[in-house]
There are 2 protein chains.
Amino acid sequence: MAERPRRRIPEATVARLPVYLRSLVELAGDRVSTTSSERLAELAGVNAAKVRKDLSYLGSYGTRGVGYDVEYLLFQVSRELGLTQDWPVVIVGAGNLGAALANYGGFGDRGFPVVALFDSDPAKIGTTIAGVKVLDQRDIPRVVQASGVAIGIIATPAPVAQDVADLLAAGGVRSILNFAPAVLTVDPSVSVRKVDLAVELQILSFYQQRGPNQAVGS
Amino acid sequence: MAERPRRRIPEATVARLPVYLRSLVELAGDRVSTTSSERLAELAGVNAAKVRKDLSYLGSYGTRGVGYDVEYLLFQVSRELGLTQDWPVVIVGAGNLGAALANYGGFGDRGFPVVALFDSDPAKIGTTIAGVKVLDQRDIPRVVQASGVAIGIIATPAPVAQDVADLLAAGGVRSILNFAPAVLTVDPSVSVRKVDLAVELQILSFYQQRGPNQAVGS
DNA sequence: GGAGCCTCGTGCATCCGTTCACAAAGTCTA
DNA sequence: TAGACTTTGTGAACGGATGCACGAGGCTCC
Ligand SMILES: NC(=O)c1ccc[n+]([C@@H]2O[C@H](COP(=O)([O-])OP(=O)(O)OC[C@H]3O[C@@H](n4cnc5c(N)ncnc54)[C@H](O)[C@@H]3O)[C@@H](O)[C@H]2O)c1
Ligand SMILES: NC(=O)c1ccc[n+]([C@@H]2O[C@H](COP(=O)([O-])OP(=O)(O)OC[C@H]3O[C@@H](n4cnc5c(N)ncnc54)[C@H](O)[C@@H]3O)[C@@H](O)[C@H]2O)c1
């Protein structure tokens with residue numbers, strides 16, 4: 001026993017776990033105590049075999065003939081995703097997007113409290129957005145290190161995104177979510193995920209143009 | 001000749017074309033007239049063999065021993081992505097996120113003009129955000145159809161996202177970009193892409209928790 | 001005109017992810 | 001307890017994407 005790293009979990013599976021989690025939360029909210037892979041698949045928008053295979057990477061948490069216990073599975077998935085603890089985040093760039101993110105309550109609620117905002121604009125430094133102080137961008141390494149921030153969100157213009165990433169890394173951040181349309185180069189120990197809206201729209205444009213056939217699922 | 005659909009372009013390739021496009025725009029901005037797959041790969045953050053294979057799906061646009069003509073390739077990639085025309089978009093949900101998106105100039109500039117915002121809140125309907133009128137959500141099908149909108153962006157709370165998607169589809173929208181944390185069910189002819197920030201953070205949390213090894217690239 | 005060099009285009013092996021299909025393991029009824 | 005039924009967990013086949021390695025084609029310089 002005590003076999004935590006059961007197997008290496010495939011990247012594609014990791015990307016789906018949060019979706020299962022959300023579906024399980026929904027089920028739990030409806031006072032459903034047990035669910036089949038079929039039902040879970042429907043809620044998550046995938047097929048049932050995939051659900052079962054994905055969950056099997058975490059362990060054997062189902063009961064044959066019955067299904068999965070919602071609360072129990074909810075806990076296991078949360079634990080696997082590392083959501084049993086809070087992960088404080090900082091947002092760099094207090095513009096349009098940075099402010100919208102800070103104002104959005106959904107992060108703090110889900111275990112990702114925003115502990116600081118950073119900007120380079122003297123007019124913004126010192127102000128407060130959504131109850132969070134806007135600090136000078138040059139203080140990133142110090143503040144990040146001091147408050148043990150693990151995740152940094154980049155919402156600055158693209159040309160400075162790399163500089164910001166370097167500052168975050170210097171402070172010990174090991175995960176970056178990048179909204180700027182720029183490719184970041186970071187130490188291999190740092191995880192980077194990017195969200196690029198222009199890219200998404202252009203992908204849609206491609207399939208749009210290709211006529212009514214072969215649309216793309218997501 | 002006249003062989004437009006050269007081959008079926010793999011989904012993974014389509015997703016990278018916008019990144020190549022951005023790199024090419026950057027090169028063109030620096031007055032670079034020719035580029036190798038090596039250089040392009042570096043800018044796009046992928047490897048050179050992948051660049052060459054991806055571009056080969058569009059046709060033989062390179063010159064052996066020389067590389068690719070930046071302007072020419074720029075045009076070809078744009079054309080393939082359907083960016084030689086504008087694609088008007090509408091944004092549904094004029095809240096935090098919807099407003100930030102509307103205020104962001106980068107869409108109109110790149111061929112995705114925001115022609116309308118929709119909301120259900122009477123206090124918001126009739127106001128103007130970033131020069132765009134906020135309309136009643138019930139008018140979605142009519143307005144979308146009348147102005148030939150092809151792409152809809154959903155920035156409403158999750159519980160109403162499906163309803164909004166149905167309204168968009170009713171108006172003839174064939175591409176949806178969904179920011180609400182909800183799985184949408186739509187006709188197969190409609191392409192859906194989702195951007196889910198909570199999911200992204202949770203994925204980062206997973207790798208964060210897994211210790212300093214095996215970070216995830218993006 | 002030929003040698004040497006460079007870079008594209010692509011066949012091929014490999015890897016990763018998806019899906020099928022079924023045995024295993026449990027529940028329920030009588 | 002037996003037998004029918006349900007649903008999981010997973011081996012195996014398949015398909016798509018990646019990366020290597022090299023032949024083909026083109027340039028430059030002598
Ligand atoms: N707003 C959107 O809807 C949207 C959509 C798609 C992409 N994006 C991308 O997100 C990023 C931010 O967009 P935005 O609309 O919020 O832009 P914005 O101009 O409103 O905000 C950028 C902020 O970053 C600050 N900044 C500049 N240099 C900085 C530095 N070195 N350190 C810290 N802060 C710095 C600026 O002072 C400004 O407050 C951009 O890269 C943009 O391309 C935004
Ligand atoms: N703001 C963020 O940074 C952020 C981050 C992650 C995810 N999201 C997601 O994006 C969505 C929007 O977030 P937000 O922060 O802008 O929320 P918000 O509450 O600020 O805005 C939602 C808007 O949608 C409108 N609305 C409600 N029902 C509608 C309907 N049926 N038709 C049209 N409009 C309707 C509301 O009136 C409101 O103006 C949410 O699903 C949220 O989970 C937002």
# chains A, B, ... in the order shown; residues from 1 in each chain; ligands from 1
>>> interface_residues(of="chain C", to="chain A", cutoff="10 Å", atoms="only C-alpha atoms (C1' of nucleotides)", output="number ranges by chain")
C: 16-20, 24-27
>>> select_by_dssp(residues="range 56-207 of chain A", states="strand (DSSP E or B)", output="MDAnalysis selection string")
chainID A and resid 62:63 67:69 89:92 114:119 128:129 132:136 151:154 175:178 191:194
>>> residues_near_ligand(ligand="ligand 2", cutoff="6 Å", atoms="only C-alpha atoms (C1' of nucleotides) and all ligand atoms", output="PDB file with all heavy atoms, in the first residue's frame")
ATOM      1  N   ALA A 100     -10.212  42.626 -15.092  1.00  0.00           N
ATOM      2  CA  ALA A 100     -11.356  41.719 -15.182  1.00  0.00           C
ATOM      3  C   ALA A 100     -11.085  40.436 -14.403  1.00  0.00           C
ATOM      4  O   ALA A 100     -11.955  39.927 -13.691  1.00  0.00           O
ATOM      5  CB  ALA A 100     -11.669  41.392 -16.644  1.00  0.00           C
ATOM      6  N   LEU A 101      -9.872  39.937 -14.516  1.00  0.00           N
ATOM      7  CA  LEU A 101      -9.506  38.715 -13.800  1.00  0.00           C
ATOM      8  C   LEU A 101      -9.552  38.943 -12.295  1.00  0.00           C
ATOM      9  O   LEU A 101     -10.060  38.116 -11.537  1.00  0.00           O
ATOM     10  CB  LEU A 101      -8.109  38.253 -14.221  1.00  0.00           C
ATOM     11  CG  LEU A 101      -7.975  37.766 -15.661  1.00  0.00           C
ATOM     12  CD1 LEU A 101      -6.507  37.556 -16.022  1.00  0.00           C
ATOM     13  CD2 LEU A 101      -8.751  36.469 -15.848  1.00  0.00           C
ATOM     14  N   TYR A 104     -13.005  39.106 -10.938  1.00  0.00           N
ATOM     15  CA  TYR A 104     -13.750  37.854 -11.021  1.00  0.00           C
ATOM     16  C   TYR A 104     -13.562  37.079  -9.719  1.00  0.00           C
ATOM     17  O   TYR A 104     -12.458  36.755  -9.329  1.00  0.00           O
ATOM     18  CB  TYR A 104     -13.234  37.049 -12.198  1.00  0.00           C
ATOM     19  CG  TYR A 104     -13.877  35.706 -12.379  1.00  0.00           C
ATOM     20  CD1 TYR A 104     -15.243  35.586 -12.554  1.00  0.00           C
ATOM     21  CD2 TYR A 104     -13.111  34.552 -12.360  1.00  0.00           C
ATOM     22  CE1 TYR A 104     -15.839  34.355 -12.729  1.00  0.00           C
ATOM     23  CE2 TYR A 104     -13.687  33.310 -12.550  1.00  0.00           C
ATOM     24  CZ  TYR A 104     -15.050  33.220 -12.731  1.00  0.00           C
ATOM     25  OH  TYR A 104     -15.627  31.989 -12.902  1.00  0.00           O
TER      26      TYR A 104
ATOM     27  N   VAL B  92     -21.731  37.958 -26.127  1.00  0.00           N
ATOM     28  CA  VAL B  92     -22.927  37.852 -25.288  1.00  0.00           C
ATOM     29  C   VAL B  92     -22.491  37.848 -23.830  1.00  0.00           C
ATOM     30  O   VAL B  92     -21.681  37.006 -23.421  1.00  0.00           O
ATOM     31  CB  VAL B  92     -23.728  36.576 -25.604  1.00  0.00           C
ATOM     32  CG1 VAL B  92     -25.040  36.582 -24.840  1.00  0.00           C
ATOM     33  CG2 VAL B  92     -23.972  36.453 -27.100  1.00  0.00           C
ATOM     34  N   GLY B  93     -23.044  38.768 -23.058  1.00  0.00           N
ATOM     35  CA  GLY B  93     -22.650  38.932 -21.670  1.00  0.00           C
ATOM     36  C   GLY B  93     -21.728  40.125 -21.541  1.00  0.00           C
ATOM     37  O   GLY B  93     -20.540  40.046 -21.841  1.00  0.00           O
ATOM     38  N   ALA B  94     -22.282  41.250 -21.095  1.00  0.00           N
ATOM     39  CA  ALA B  94     -21.496  42.487 -21.025  1.00  0.00           C
ATOM     40  C   ALA B  94     -21.036  42.734 -19.591  1.00  0.00           C
ATOM     41  O   ALA B  94     -21.154  43.838 -19.063  1.00  0.00           O
ATOM     42  CB  ALA B  94     -22.325  43.663 -21.547  1.00  0.00           C
ATOM     43  N   GLY B  95     -20.511  41.715 -18.968  1.00  0.00           N
ATOM     44  CA  GLY B  95     -20.012  41.852 -17.590  1.00  0.00           C
ATOM     45  C   GLY B  95     -18.531  42.176 -17.588  1.00  0.00           C
ATOM     46  O   GLY B  95     -18.012  42.788 -18.513  1.00  0.00           O
ATOM     47  N   ASN B  96     -17.879  41.748 -16.523  1.00  0.00           N
ATOM     48  CA  ASN B  96     -16.435  41.882 -16.388  1.00  0.00           C
ATOM     49  C   ASN B  96     -15.679  41.522 -17.655  1.00  0.00           C
ATOM     50  O   ASN B  96     -14.961  42.325 -18.231  1.00  0.00           O
ATOM     51  CB  ASN B  96     -15.940  40.859 -15.354  1.00  0.00           C
ATOM     52  CG  ASN B  96     -15.758  41.475 -14.008  1.00  0.00           C
ATOM     53  OD1 ASN B  96     -15.371  42.631 -13.913  1.00  0.00           O
ATOM     54  ND2 ASN B  96     -16.063  40.706 -12.983  1.00  0.00           N
ATOM     55  N   LEU B  97     -15.861  40.269 -18.034  1.00  0.00           N
ATOM     56  CA  LEU B  97     -15.088  39.713 -19.117  1.00  0.00           C
ATOM     57  C   LEU B  97     -15.551  40.249 -20.467  1.00  0.00           C
ATOM     58  O   LEU B  97     -14.740  40.660 -21.301  1.00  0.00           O
ATOM     59  CB  LEU B  97     -15.212  38.189 -19.092  1.00  0.00           C
ATOM     60  CG  LEU B  97     -14.325  37.437 -20.065  1.00  0.00           C
ATOM     61  CD1 LEU B  97     -12.861  37.761 -19.809  1.00  0.00           C
ATOM     62  CD2 LEU B  97     -14.573  35.947 -19.950  1.00  0.00           C
ATOM     63  N   GLY B  98     -16.853  40.278 -20.670  1.00  0.00           N
ATOM     64  CA  GLY B  98     -17.399  40.754 -21.941  1.00  0.00           C
ATOM     65  C   GLY B  98     -16.936  42.175 -22.222  1.00  0.00           C
ATOM     66  O   GLY B  98     -16.552  42.508 -23.349  1.00  0.00           O
ATOM     67  N   PHE B 118     -24.496  41.731 -26.241  1.00  0.00           N
ATOM     68  CA  PHE B 118     -25.835  41.390 -25.763  1.00  0.00           C
ATOM     69  C   PHE B 118     -25.791  41.142 -24.260  1.00  0.00           C
ATOM     70  O   PHE B 118     -24.795  40.631 -23.731  1.00  0.00           O
ATOM     71  CB  PHE B 118     -26.354  40.121 -26.442  1.00  0.00           C
ATOM     72  CG  PHE B 118     -26.617  40.295 -27.909  1.00  0.00           C
ATOM     73  CD1 PHE B 118     -25.671  39.904 -28.841  1.00  0.00           C
ATOM     74  CD2 PHE B 118     -27.816  40.847 -28.349  1.00  0.00           C
ATOM     75  CE1 PHE B 118     -25.914  40.061 -30.202  1.00  0.00           C
ATOM     76  CE2 PHE B 118     -28.061  41.017 -29.708  1.00  0.00           C
ATOM     77  CZ  PHE B 118     -27.101  40.620 -30.635  1.00  0.00           C
ATOM     78  N   ASP B 119     -26.877  41.505 -23.592  1.00  0.00           N
ATOM     79  CA  ASP B 119     -26.988  41.201 -22.175  1.00  0.00           C
ATOM     80  C   ASP B 119     -28.462  41.004 -21.852  1.00  0.00           C
ATOM     81  O   ASP B 119     -29.349  41.273 -22.673  1.00  0.00           O
ATOM     82  CB  ASP B 119     -26.377  42.320 -21.326  1.00  0.00           C
ATOM     83  CG  ASP B 119     -25.830  41.799 -20.002  1.00  0.00           C
ATOM     84  OD1 ASP B 119     -26.651  41.308 -19.187  1.00  0.00           O
ATOM     85  OD2 ASP B 119     -24.610  41.842 -19.788  1.00  0.00           O
ATOM     86  N   SER B 120     -28.722  40.506 -20.646  1.00  0.00           N
ATOM     87  CA  SER B 120     -30.113  40.317 -20.230  1.00  0.00           C
ATOM     88  C   SER B 120     -30.486  41.335 -19.166  1.00  0.00           C
ATOM     89  O   SER B 120     -31.648  41.463 -18.795  1.00  0.00           O
ATOM     90  CB  SER B 120     -30.292  38.901 -19.676  1.00  0.00           C
ATOM     91  OG  SER B 120     -29.445  38.713 -18.552  1.00  0.00           O
ATOM     92  N   ASP B 121     -29.501  42.065 -18.666  1.00  0.00           N
ATOM     93  CA  ASP B 121     -29.726  43.008 -17.579  1.00  0.00           C
ATOM     94  C   ASP B 121     -30.256  44.335 -18.136  1.00  0.00           C
ATOM     95  O   ASP B 121     -29.560  45.011 -18.889  1.00  0.00           O
ATOM     96  CB  ASP B 121     -28.380  43.222 -16.866  1.00  0.00           C
ATOM     97  CG  ASP B 121     -28.499  44.171 -15.681  1.00  0.00           C
ATOM     98  OD1 ASP B 121     -29.559  44.801 -15.515  1.00  0.00           O
ATOM     99  OD2 ASP B 121     -27.516  44.269 -14.920  1.00  0.00           O
ATOM    100  N   GLN B 137     -30.634  40.473 -25.126  1.00  0.00           N
ATOM    101  CA  GLN B 137     -30.219  39.110 -25.432  1.00  0.00           C
ATOM    102  C   GLN B 137     -31.264  38.378 -26.289  1.00  0.00           C
ATOM    103  O   GLN B 137     -30.917  37.490 -27.062  1.00  0.00           O
ATOM    104  CB  GLN B 137     -29.973  38.444 -24.071  1.00  0.00           C
ATOM    105  CG  GLN B 137     -30.072  36.976 -23.977  1.00  0.00           C
ATOM    106  CD  GLN B 137     -31.448  36.562 -23.468  1.00  0.00           C
ATOM    107  OE1 GLN B 137     -32.250  37.381 -23.021  1.00  0.00           O
ATOM    108  NE2 GLN B 137     -31.719  35.275 -23.560  1.00  0.00           N
ATOM    109  N   ALA B 155     -19.819  35.075 -22.930  1.00  0.00           N
ATOM    110  CA  ALA B 155     -19.180  35.530 -21.686  1.00  0.00           C
ATOM    111  C   ALA B 155     -20.247  35.768 -20.628  1.00  0.00           C
ATOM    112  O   ALA B 155     -20.220  36.755 -19.908  1.00  0.00           O
ATOM    113  CB  ALA B 155     -18.375  36.804 -21.942  1.00  0.00           C
ATOM    114  N   THR B 156     -21.160  34.839 -20.551  1.00  0.00           N
ATOM    115  CA  THR B 156     -22.235  34.910 -19.552  1.00  0.00           C
ATOM    116  C   THR B 156     -21.943  33.909 -18.436  1.00  0.00           C
ATOM    117  O   THR B 156     -21.038  33.085 -18.559  1.00  0.00           O
ATOM    118  CB  THR B 156     -23.581  34.500 -20.177  1.00  0.00           C
ATOM    119  OG1 THR B 156     -23.491  33.125 -20.580  1.00  0.00           O
ATOM    120  CG2 THR B 156     -23.908  35.348 -21.392  1.00  0.00           C
ATOM    121  N   PRO B 157     -22.717  33.964 -17.360  1.00  0.00           N
ATOM    122  CA  PRO B 157     -22.577  32.912 -16.347  1.00  0.00           C
ATOM    123  C   PRO B 157     -22.877  31.537 -16.948  1.00  0.00           C
ATOM    124  O   PRO B 157     -23.651  31.438 -17.910  1.00  0.00           O
ATOM    125  CB  PRO B 157     -23.640  33.293 -15.309  1.00  0.00           C
ATOM    126  CG  PRO B 157     -23.839  34.769 -15.481  1.00  0.00           C
ATOM    127  CD  PRO B 157     -23.657  35.021 -16.945  1.00  0.00           C
ATOM    128  N   ALA B 158     -22.266  30.509 -16.403  1.00  0.00           N
ATOM    129  CA  ALA B 158     -22.374  29.160 -16.952  1.00  0.00           C
ATOM    130  C   ALA B 158     -23.815  28.662 -17.125  1.00  0.00           C
ATOM    131  O   ALA B 158     -24.123  28.034 -18.148  1.00  0.00           O
ATOM    132  CB  ALA B 158     -21.564  28.185 -16.100  1.00  0.00           C
ATOM    133  N   VAL B 160     -26.525  29.880 -18.057  1.00  0.00           N
ATOM    134  CA  VAL B 160     -27.281  30.302 -19.235  1.00  0.00           C
ATOM    135  C   VAL B 160     -26.509  30.105 -20.544  1.00  0.00           C
ATOM    136  O   VAL B 160     -27.014  30.421 -21.618  1.00  0.00           O
ATOM    137  CB  VAL B 160     -27.733  31.784 -19.137  1.00  0.00           C
ATOM    138  CG1 VAL B 160     -28.577  32.003 -17.899  1.00  0.00           C
ATOM    139  CG2 VAL B 160     -26.540  32.727 -19.140  1.00  0.00           C
ATOM    140  N   PHE B 179     -16.463  31.127 -23.029  1.00  0.00           N
ATOM    141  CA  PHE B 179     -15.688  31.401 -21.824  1.00  0.00           C
ATOM    142  C   PHE B 179     -16.366  30.893 -20.568  1.00  0.00           C
ATOM    143  O   PHE B 179     -15.765  30.899 -19.494  1.00  0.00           O
ATOM    144  CB  PHE B 179     -15.459  32.912 -21.673  1.00  0.00           C
ATOM    145  CG  PHE B 179     -14.419  33.448 -22.594  1.00  0.00           C
ATOM    146  CD1 PHE B 179     -14.754  33.905 -23.850  1.00  0.00           C
ATOM    147  CD2 PHE B 179     -13.081  33.472 -22.214  1.00  0.00           C
ATOM    148  CE1 PHE B 179     -13.786  34.388 -24.720  1.00  0.00           C
ATOM    149  CE2 PHE B 179     -12.112  33.954 -23.070  1.00  0.00           C
ATOM    150  CZ  PHE B 179     -12.455  34.418 -24.325  1.00  0.00           C
ATOM    151  N   ALA B 180     -17.611  30.509 -20.678  1.00  0.00           N
ATOM    152  CA  ALA B 180     -18.336  30.032 -19.496  1.00  0.00           C
ATOM    153  C   ALA B 180     -17.916  28.605 -19.182  1.00  0.00           C
ATOM    154  O   ALA B 180     -17.737  27.795 -20.096  1.00  0.00           O
ATOM    155  CB  ALA B 180     -19.841  30.112 -19.726  1.00  0.00           C
ATOM    156  N   PRO B 181     -17.731  28.285 -17.930  1.00  0.00           N
ATOM    157  CA  PRO B 181     -17.345  26.905 -17.566  1.00  0.00           C
ATOM    158  C   PRO B 181     -18.534  25.966 -17.680  1.00  0.00           C
ATOM    159  O   PRO B 181     -19.109  25.546 -16.686  1.00  0.00           O
ATOM    160  CB  PRO B 181     -16.850  27.046 -16.126  1.00  0.00           C
ATOM    161  CG  PRO B 181     -17.510  28.276 -15.602  1.00  0.00           C
ATOM    162  CD  PRO B 181     -17.800  29.170 -16.766  1.00  0.00           C
ATOM    163  N   LEU B 197     -10.549  29.272 -17.735  1.00  0.00           N
ATOM    164  CA  LEU B 197      -9.421  29.678 -16.913  1.00  0.00           C
ATOM    165  C   LEU B 197      -9.274  28.824 -15.675  1.00  0.00           C
ATOM    166  O   LEU B 197      -8.151  28.508 -15.257  1.00  0.00           O
ATOM    167  CB  LEU B 197      -9.565  31.140 -16.538  1.00  0.00           C
ATOM    168  CG  LEU B 197      -9.877  32.042 -17.738  1.00  0.00           C
ATOM    169  CD1 LEU B 197      -9.758  33.489 -17.349  1.00  0.00           C
ATOM    170  CD2 LEU B 197      -8.947  31.725 -18.875  1.00  0.00           C
TER     171      LEU B 197
END
>>> interface_residues(of="chain A", to="chain D", cutoff="10 Å", atoms="only C-alpha atoms (C1' of nucleotides)", output="list in words")
Ser36, Ser37, Glu38, Ala49, Arg52, Lys53, Leu55, Ser56, Gly59, Ser60, Tyr61, Gly62, Thr63, Arg64, Gly65, Val66, Gly67 and Tyr68 of chain A
>>> closest_atom_pairs(of="chain A", to="chain B", cutoff="7 Å", atoms="only C-alpha atoms", output="JSON lines")
{"residue": "A:Val14", "atom": "CA", "partner": "B:Ile203", "partner_atom": "CA", "distance": 6.6}
{"residue": "A:Ala15", "atom": "CA", "partner": "B:Ile203", "partner_atom": "CA", "distance": 6.2}
{"residue": "A:Pro18", "atom": "CA", "partner": "B:Val199", "partner_atom": "CA", "distance": 5.5}
{"residue": "A:Ala44", "atom": "CA", "partner": "B:Val183", "partner_atom": "CA", "distance": 6.6}
{"residue": "A:Gly45", "atom": "CA", "partner": "B:Val183", "partner_atom": "CA", "distance": 6.2}
{"residue": "A:Glu80", "atom": "CA", "partner": "B:Phe206", "partner_atom": "CA", "distance": 6.9}
{"residue": "A:Leu81", "atom": "CA", "partner": "B:Phe206", "partner_atom": "CA", "distance": 4.4}
{"residue": "A:Gly82", "atom": "CA", "partner": "B:Phe206", "partner_atom": "CA", "distance": 5.5}
{"residue": "A:Asn96", "atom": "CA", "partner": "B:Ala100", "partner_atom": "CA", "distance": 5.2}
{"residue": "A:Leu97", "atom": "CA", "partner": "B:Ala100", "partner_atom": "CA", "distance": 5.8}
{"residue": "A:Ala100", "atom": "CA", "partner": "B:Asn96", "partner_atom": "CA", "distance": 5.2}
{"residue": "A:Arg174", "atom": "CA", "partner": "B:Gln208", "partner_atom": "CA", "distance": 6.7}
{"residue": "A:Ser175", "atom": "CA", "partner": "B:Leu204", "partner_atom": "CA", "distance": 6.0}
{"residue": "A:Val183", "atom": "CA", "partner": "B:Gly45", "partner_atom": "CA", "distance": 6.2}
{"residue": "A:Pro188", "atom": "CA", "partner": "B:Ala215", "partner_atom": "CA", "distance": 6.7}
{"residue": "A:Ser189", "atom": "CA", "partner": "B:Ala215", "partner_atom": "CA", "distance": 5.4}
{"residue": "A:Val190", "atom": "CA", "partner": "B:Ala215", "partner_atom": "CA", "distance": 5.9}
{"residue": "A:Ser191", "atom": "CA", "partner": "B:Val216", "partner_atom": "CA", "distance": 4.8}
{"residue": "A:Val192", "atom": "CA", "partner": "B:Gly217", "partner_atom": "CA", "distance": 5.6}
{"residue": "A:Arg193", "atom": "CA", "partner": "B:Ser218", "partner_atom": "CA", "distance": 4.9}
{"residue": "A:Lys194", "atom": "CA", "partner": "B:Ser218", "partner_atom": "CA", "distance": 6.5}
{"residue": "A:Val199", "atom": "CA", "partner": "B:Pro18", "partner_atom": "CA", "distance": 5.5}
{"residue": "A:Gln202", "atom": "CA", "partner": "B:Pro18", "partner_atom": "CA", "distance": 6.4}
{"residue": "A:Ile203", "atom": "CA", "partner": "B:Ala15", "partner_atom": "CA", "distance": 6.2}
{"residue": "A:Leu204", "atom": "CA", "partner": "B:Ser175", "partner_atom": "CA", "distance": 6.0}
{"residue": "A:Ser205", "atom": "CA", "partner": "B:Gly82", "partner_atom": "CA", "distance": 5.8}
{"residue": "A:Phe206", "atom": "CA", "partner": "B:Leu81", "partner_atom": "CA", "distance": 4.4}
{"residue": "A:Gln208", "atom": "CA", "partner": "B:Ser175", "partner_atom": "CA", "distance": 6.7}
{"residue": "A:Gln209", "atom": "CA", "partner": "B:Gly82", "partner_atom": "CA", "distance": 5.7}
{"residue": "A:Pro212", "atom": "CA", "partner": "B:Ser189", "partner_atom": "CA", "distance": 5.7}
{"residue": "A:Asn213", "atom": "CA", "partner": "B:Ser189", "partner_atom": "CA", "distance": 6.2}
{"residue": "A:Ala215", "atom": "CA", "partner": "B:Ser191", "partner_atom": "CA", "distance": 4.9}
{"residue": "A:Val216", "atom": "CA", "partner": "B:Ser191", "partner_atom": "CA", "distance": 4.8}
{"residue": "A:Gly217", "atom": "CA", "partner": "B:Val192", "partner_atom": "CA", "distance": 5.7}
{"residue": "A:Ser218", "atom": "CA", "partner": "B:Arg193", "partner_atom": "CA", "distance": 4.9}
>>> select_by_dssp(residues="range 19-200 of chain A", states="helix (DSSP H, G or I)", output="PyMOL selection string")
chain A and resi 19-29+37-44+48-58+70-81+96-103+106-109+137-146+158-170+197-200
>>> atom_distance(atom1="CA of Val115 in chain A", atom2="atom 9 (C, counted along the ligand's line) of ligand 1")
21.0 Å
>>> atom_distance(atom1="CA of Ile91 in chain A", atom2="CA of Val114 in chain A")
7.3 Å
>>> atom_distance(atom1="CA of Ser147 in chain A", atom2="CA of Asp166 in chain A")
17.7 Å
>>> residues_around(residues="Ile140 in chain A", least_positions_apart="6", cutoff="7 Å", atoms="only C-alpha atoms (C1' of nucleotides)", output="PDB file with all heavy atoms, in the first residue's frame")
ATOM      1  N   LEU A 167      11.005  37.666 -14.357  1.00  0.00           N
ATOM      2  CA  LEU A 167      10.859  38.169 -12.985  1.00  0.00           C
ATOM      3  C   LEU A 167      10.099  37.170 -12.114  1.00  0.00           C
ATOM      4  O   LEU A 167      10.461  36.939 -10.956  1.00  0.00           O
ATOM      5  CB  LEU A 167      10.120  39.516 -12.986  1.00  0.00           C
ATOM      6  CG  LEU A 167      10.896  40.720 -13.537  1.00  0.00           C
ATOM      7  CD1 LEU A 167       9.991  41.946 -13.627  1.00  0.00           C
ATOM      8  CD2 LEU A 167      12.095  41.018 -12.639  1.00  0.00           C
ATOM      9  N   LEU A 168       9.046  36.623 -12.659  1.00  0.00           N
ATOM     10  CA  LEU A 168       8.259  35.641 -11.906  1.00  0.00           C
ATOM     11  C   LEU A 168       9.127  34.438 -11.551  1.00  0.00           C
ATOM     12  O   LEU A 168       9.142  33.979 -10.403  1.00  0.00           O
ATOM     13  CB  LEU A 168       7.037  35.193 -12.722  1.00  0.00           C
ATOM     14  CG  LEU A 168       5.914  36.230 -12.876  1.00  0.00           C
ATOM     15  CD1 LEU A 168       4.898  35.770 -13.927  1.00  0.00           C
ATOM     16  CD2 LEU A 168       5.207  36.482 -11.535  1.00  0.00           C
ATOM     17  N   GLY A 171      11.461  34.957  -8.798  1.00  0.00           N
ATOM     18  CA  GLY A 171      10.834  34.922  -7.476  1.00  0.00           C
ATOM     19  C   GLY A 171      10.458  33.518  -7.035  1.00  0.00           C
ATOM     20  O   GLY A 171       9.990  33.302  -5.920  1.00  0.00           O
TER      21      GLY A 171
END
